>>> print(open('data_36.cif').read())   # mmCIF, C-alpha atoms
data_my_file
loop_
_atom_site.group_PDB
_atom_site.id
_atom_site.type_symbol
_atom_site.label_atom_id
_atom_site.label_comp_id
_atom_site.auth_asym_id
_atom_site.auth_seq_id
_atom_site.Cartn_x
_atom_site.Cartn_y
_atom_site.Cartn_z
ATOM 1 C CA MET A 1 166.563 129.398 126.844
ATOM 2 C CA THR A 2 162.935 129.841 125.930
ATOM 3 C CA ALA A 3 160.882 127.303 124.053
ATOM 4 C CA GLU A 4 160.623 129.742 121.191
ATOM 5 C CA LEU A 5 164.382 130.103 120.944
ATOM 6 C CA GLY A 6 164.892 126.340 121.178
ATOM 7 C CA THR A 7 162.610 125.518 118.285
ATOM 8 C CA LEU A 8 162.777 128.514 115.990
ATOM 9 C CA GLY A 9 166.241 129.847 116.724
ATOM 10 C CA ALA A 10 168.133 126.977 115.112
ATOM 11 C CA VAL A 11 170.586 127.751 112.350
ATOM 12 C CA PRO A 12 169.220 126.358 109.090
ATOM 13 C CA TYR A 13 171.594 124.169 107.142
ATOM 14 C CA PRO A 14 171.557 124.218 103.363
ATOM 15 C CA PRO A 15 169.980 121.147 101.807
ATOM 16 C CA ARG A 16 172.346 118.520 100.515
ATOM 17 C CA PRO A 17 172.537 118.299 96.743
ATOM 18 C CA GLN A 18 170.563 115.415 95.280
ATOM 19 C CA LEU A 19 171.984 113.523 92.350
ATOM 20 C CA ARG A 20 169.892 112.970 89.264
ATOM 21 C CA PRO A 21 169.407 109.371 88.131
ATOM 22 C CA ARG A 22 171.496 108.342 85.161
ATOM 23 C CA PRO A 23 169.376 108.257 81.992
ATOM 24 C CA GLU A 24 169.941 104.528 81.404
ATOM 25 C CA PHE A 25 168.468 103.692 84.837
ATOM 26 C CA ALA A 26 165.879 106.446 85.336
ATOM 27 C CA GLY A 27 162.339 105.078 85.411
ATOM 28 C CA THR A 28 163.398 101.423 85.124
ATOM 29 C CA ARG A 29 162.613 100.495 88.728
ATOM 30 C CA ASP A 30 159.876 98.009 87.741
ATOM 31 C CA SER A 31 161.787 96.472 84.829
ATOM 32 C CA ALA A 32 162.848 92.848 85.232
ATOM 33 C CA HIS A 33 164.991 92.677 82.088
ATOM 34 C CA PRO A 34 168.044 90.476 82.869
ATOM 35 C CA GLN A 35 170.527 92.535 80.805
ATOM 36 C CA LEU A 36 169.422 95.753 82.466
ATOM 37 C CA GLN A 37 169.769 94.111 85.879
ATOM 38 C CA GLU A 38 173.324 92.964 85.060
ATOM 39 C CA ARG A 39 174.347 96.473 83.896
ATOM 40 C CA LEU A 40 172.692 98.002 86.932
ATOM 41 C CA GLU A 41 174.494 95.704 89.378
ATOM 42 C CA ALA A 42 177.841 96.202 87.637
ATOM 43 C CA PHE A 43 177.358 99.981 87.828
ATOM 44 C CA ILE A 44 176.402 99.772 91.525
ATOM 45 C CA VAL A 45 179.478 97.724 92.426
ATOM 46 C CA ALA A 46 181.884 99.878 90.381
ATOM 47 C CA THR A 47 180.470 103.188 91.601
ATOM 48 C CA TYR A 48 180.489 102.111 95.250
ATOM 49 C CA ARG A 49 184.087 100.887 94.935
ATOM 50 C CA GLU A 50 185.035 104.287 93.462
ATOM 51 C CA GLY A 51 183.978 105.875 96.751
ATOM 52 C CA ARG A 52 180.354 106.963 96.316
ATOM 53 C CA SER A 53 178.075 106.459 99.322
ATOM 54 C CA LEU A 54 175.120 104.072 99.376
ATOM 55 C CA ARG A 55 172.799 107.071 99.239
ATOM 56 C CA GLU A 56 174.592 108.572 96.249
ATOM 57 C CA VAL A 57 174.618 105.272 94.350
ATOM 58 C CA ALA A 58 170.911 104.788 95.084
ATOM 59 C CA GLU A 59 170.134 108.237 93.698
ATOM 60 C CA LEU A 60 172.207 107.606 90.565
ATOM 61 C CA VAL A 61 170.440 104.331 89.738
ATOM 62 C CA ASP A 62 166.941 105.452 90.831
ATOM 63 C CA ARG A 63 166.683 102.659 93.395
ATOM 64 C CA SER A 64 166.362 102.440 97.169
ATOM 65 C CA GLN A 65 169.370 102.140 99.437
ATOM 66 C CA THR A 66 168.122 98.646 100.297
ATOM 67 C CA ALA A 67 168.278 97.613 96.627
ATOM 68 C CA VAL A 68 171.841 98.916 96.437
ATOM 69 C CA ARG A 69 172.788 97.027 99.620
ATOM 70 C CA ARG A 70 171.345 93.813 98.185
ATOM 71 C CA ALA A 71 173.361 94.193 94.990
ATOM 72 C CA LEU A 72 176.548 94.795 97.003
ATOM 73 C CA ASP A 73 175.783 91.754 99.179
ATOM 74 C CA LYS A 74 175.151 89.622 96.076
ATOM 75 C CA TYR A 75 178.687 90.365 94.878
ATOM 76 C CA GLN A 76 180.156 90.203 98.398
ATOM 77 C CA VAL A 77 181.383 93.799 98.294
ATOM 78 C CA PRO A 78 182.450 94.816 101.802
ATOM 79 C CA ARG A 79 180.636 97.905 102.999
ATOM 80 C CA ARG A 80 182.320 100.893 104.553
ATOM 81 C CA PRO A 81 181.349 102.033 108.044
ATOM 82 C CA THR A 82 178.605 104.621 108.340
ATOM 83 C CA GLY A 83 179.381 108.277 108.738
ATOM 84 C CA ALA A 84 181.904 110.627 107.286
ATOM 85 C CA VAL A 85 185.593 109.847 107.089
ATOM 86 C CA PRO A 86 187.266 111.034 110.309
ATOM 87 C CA ILE A 87 189.545 114.040 109.941
ATOM 88 C CA ALA A 88 192.977 113.320 111.392
#
>>> encode(input="data_36.cif", output="structure tokens")
Amino acid sequence: MTAELGTLGAVPYPPRPQLRPRPEFAGTRDSAHPQLQERLEAFIVATYREGRSLREVAELVDRSQTAVRRALDKYQVPRRPTGAVPIA
């Protein structure tokens, strides 16, 4: 295999779809309003329990994955293991 083949011959994968932030949370990253924070945390917990990934939840609430993890830890929500669900 040549260096050219090794670097340029890779099969490109399509980009993963990115979720748009929900309107009620978009652009509120710097807001410290207690009611907004409560709604945000409730949405994070509910959405994660429904099966969304940390990354997906973070995109939906316009926050970092770390912020989502902290909210889940605050409410003692057990996290799923990393990676995709194994196919049996």
>>> closest_residue(input="data_36.cif", among="A:Arg55, A:Arg49, A:Leu60, A:Arg22", to="Pro78 (chain A)", atoms="only C-alpha atoms")
A:Arg49
>>> closest_residue(input="data_36.cif", among="A:Val11, A:Ala58, A:Val77, A:Leu72", to="Ala26 (chain A)", atoms="only C-alpha atoms")
A:Ala58
>>> resolve_selection(input="data_36.cif", expression="the PyMOL selection byres ((chain A and resi 61) around 12)", output="PyMOL selection string")
chain A and resi 19-29+36-37+39-45+47-48+54-60+62-65+67-68+71
>>> write_last_selection(input="data_36.cif", atoms="C-alpha atoms", output="CSV table (one decimal), in the coordinates of the input")
chain,number,residue,atom,x,y,z
A,19,LEU,CA,172.0,113.5,92.4
A,20,ARG,CA,169.9,113.0,89.3
A,21,PRO,CA,169.4,109.4,88.1
A,22,ARG,CA,171.5,108.3,85.2
A,23,PRO,CA,169.4,108.3,82.0
A,24,GLU,CA,169.9,104.5,81.4
A,25,PHE,CA,168.5,103.7,84.8
A,26,ALA,CA,165.9,106.4,85.3
A,27,GLY,CA,162.3,105.1,85.4
A,28,THR,CA,163.4,101.4,85.1
A,29,ARG,CA,162.6,100.5,88.7
A,36,LEU,CA,169.4,95.8,82.5
A,37,GLN,CA,169.8,94.1,85.9
A,39,ARG,CA,174.3,96.5,83.9
A,40,LEU,CA,172.7,98.0,86.9
A,41,GLU,CA,174.5,95.7,89.4
A,42,ALA,CA,177.8,96.2,87.6
A,43,PHE,CA,177.4,100.0,87.8
A,44,ILE,CA,176.4,99.8,91.5
A,45,VAL,CA,179.5,97.7,92.4
A,47,THR,CA,180.5,103.2,91.6
A,48,TYR,CA,180.5,102.1,95.2
A,54,LEU,CA,175.1,104.1,99.4
A,55,ARG,CA,172.8,107.1,99.2
A,56,GLU,CA,174.6,108.6,96.2
A,57,VAL,CA,174.6,105.3,94.4
A,58,ALA,CA,170.9,104.8,95.1
A,59,GLU,CA,170.1,108.2,93.7
A,60,LEU,CA,172.2,107.6,90.6
A,62,ASP,CA,166.9,105.5,90.8
A,63,ARG,CA,166.7,102.7,93.4
A,64,SER,CA,166.4,102.4,97.2
A,65,GLN,CA,169.4,102.1,99.4
A,67,ALA,CA,168.3,97.6,96.6
A,68,VAL,CA,171.8,98.9,96.4
A,71,ALA,CA,173.4,94.2,95.0
>>> atom_distance(input="data_36.cif", atom1="CA of Pro15 (chain A)", atom2="CA of Asp30 (chain A)")
28.9 Å
>>> atom_distance(input="data_36.cif", atom1="CA of Gln35 (chain A)", atom2="CA of Gln76 (chain A)")
20.2 Å
>>> atom_distance(input="data_36.cif", atom1="CA of Asp73 (chain A)", atom2="CA of Gln18 (chain A)")
24.5 Å
>>> axis_aligned_box(input="data_36.cif", around="region 75-79 of chain A", padding_each_side="3 Å", output="JSON")
{"center_x": 180.6, "center_y": 94.1, "center_z": 98.9, "size_x": 9.8, "size_y": 13.7, "size_z": 14.1}
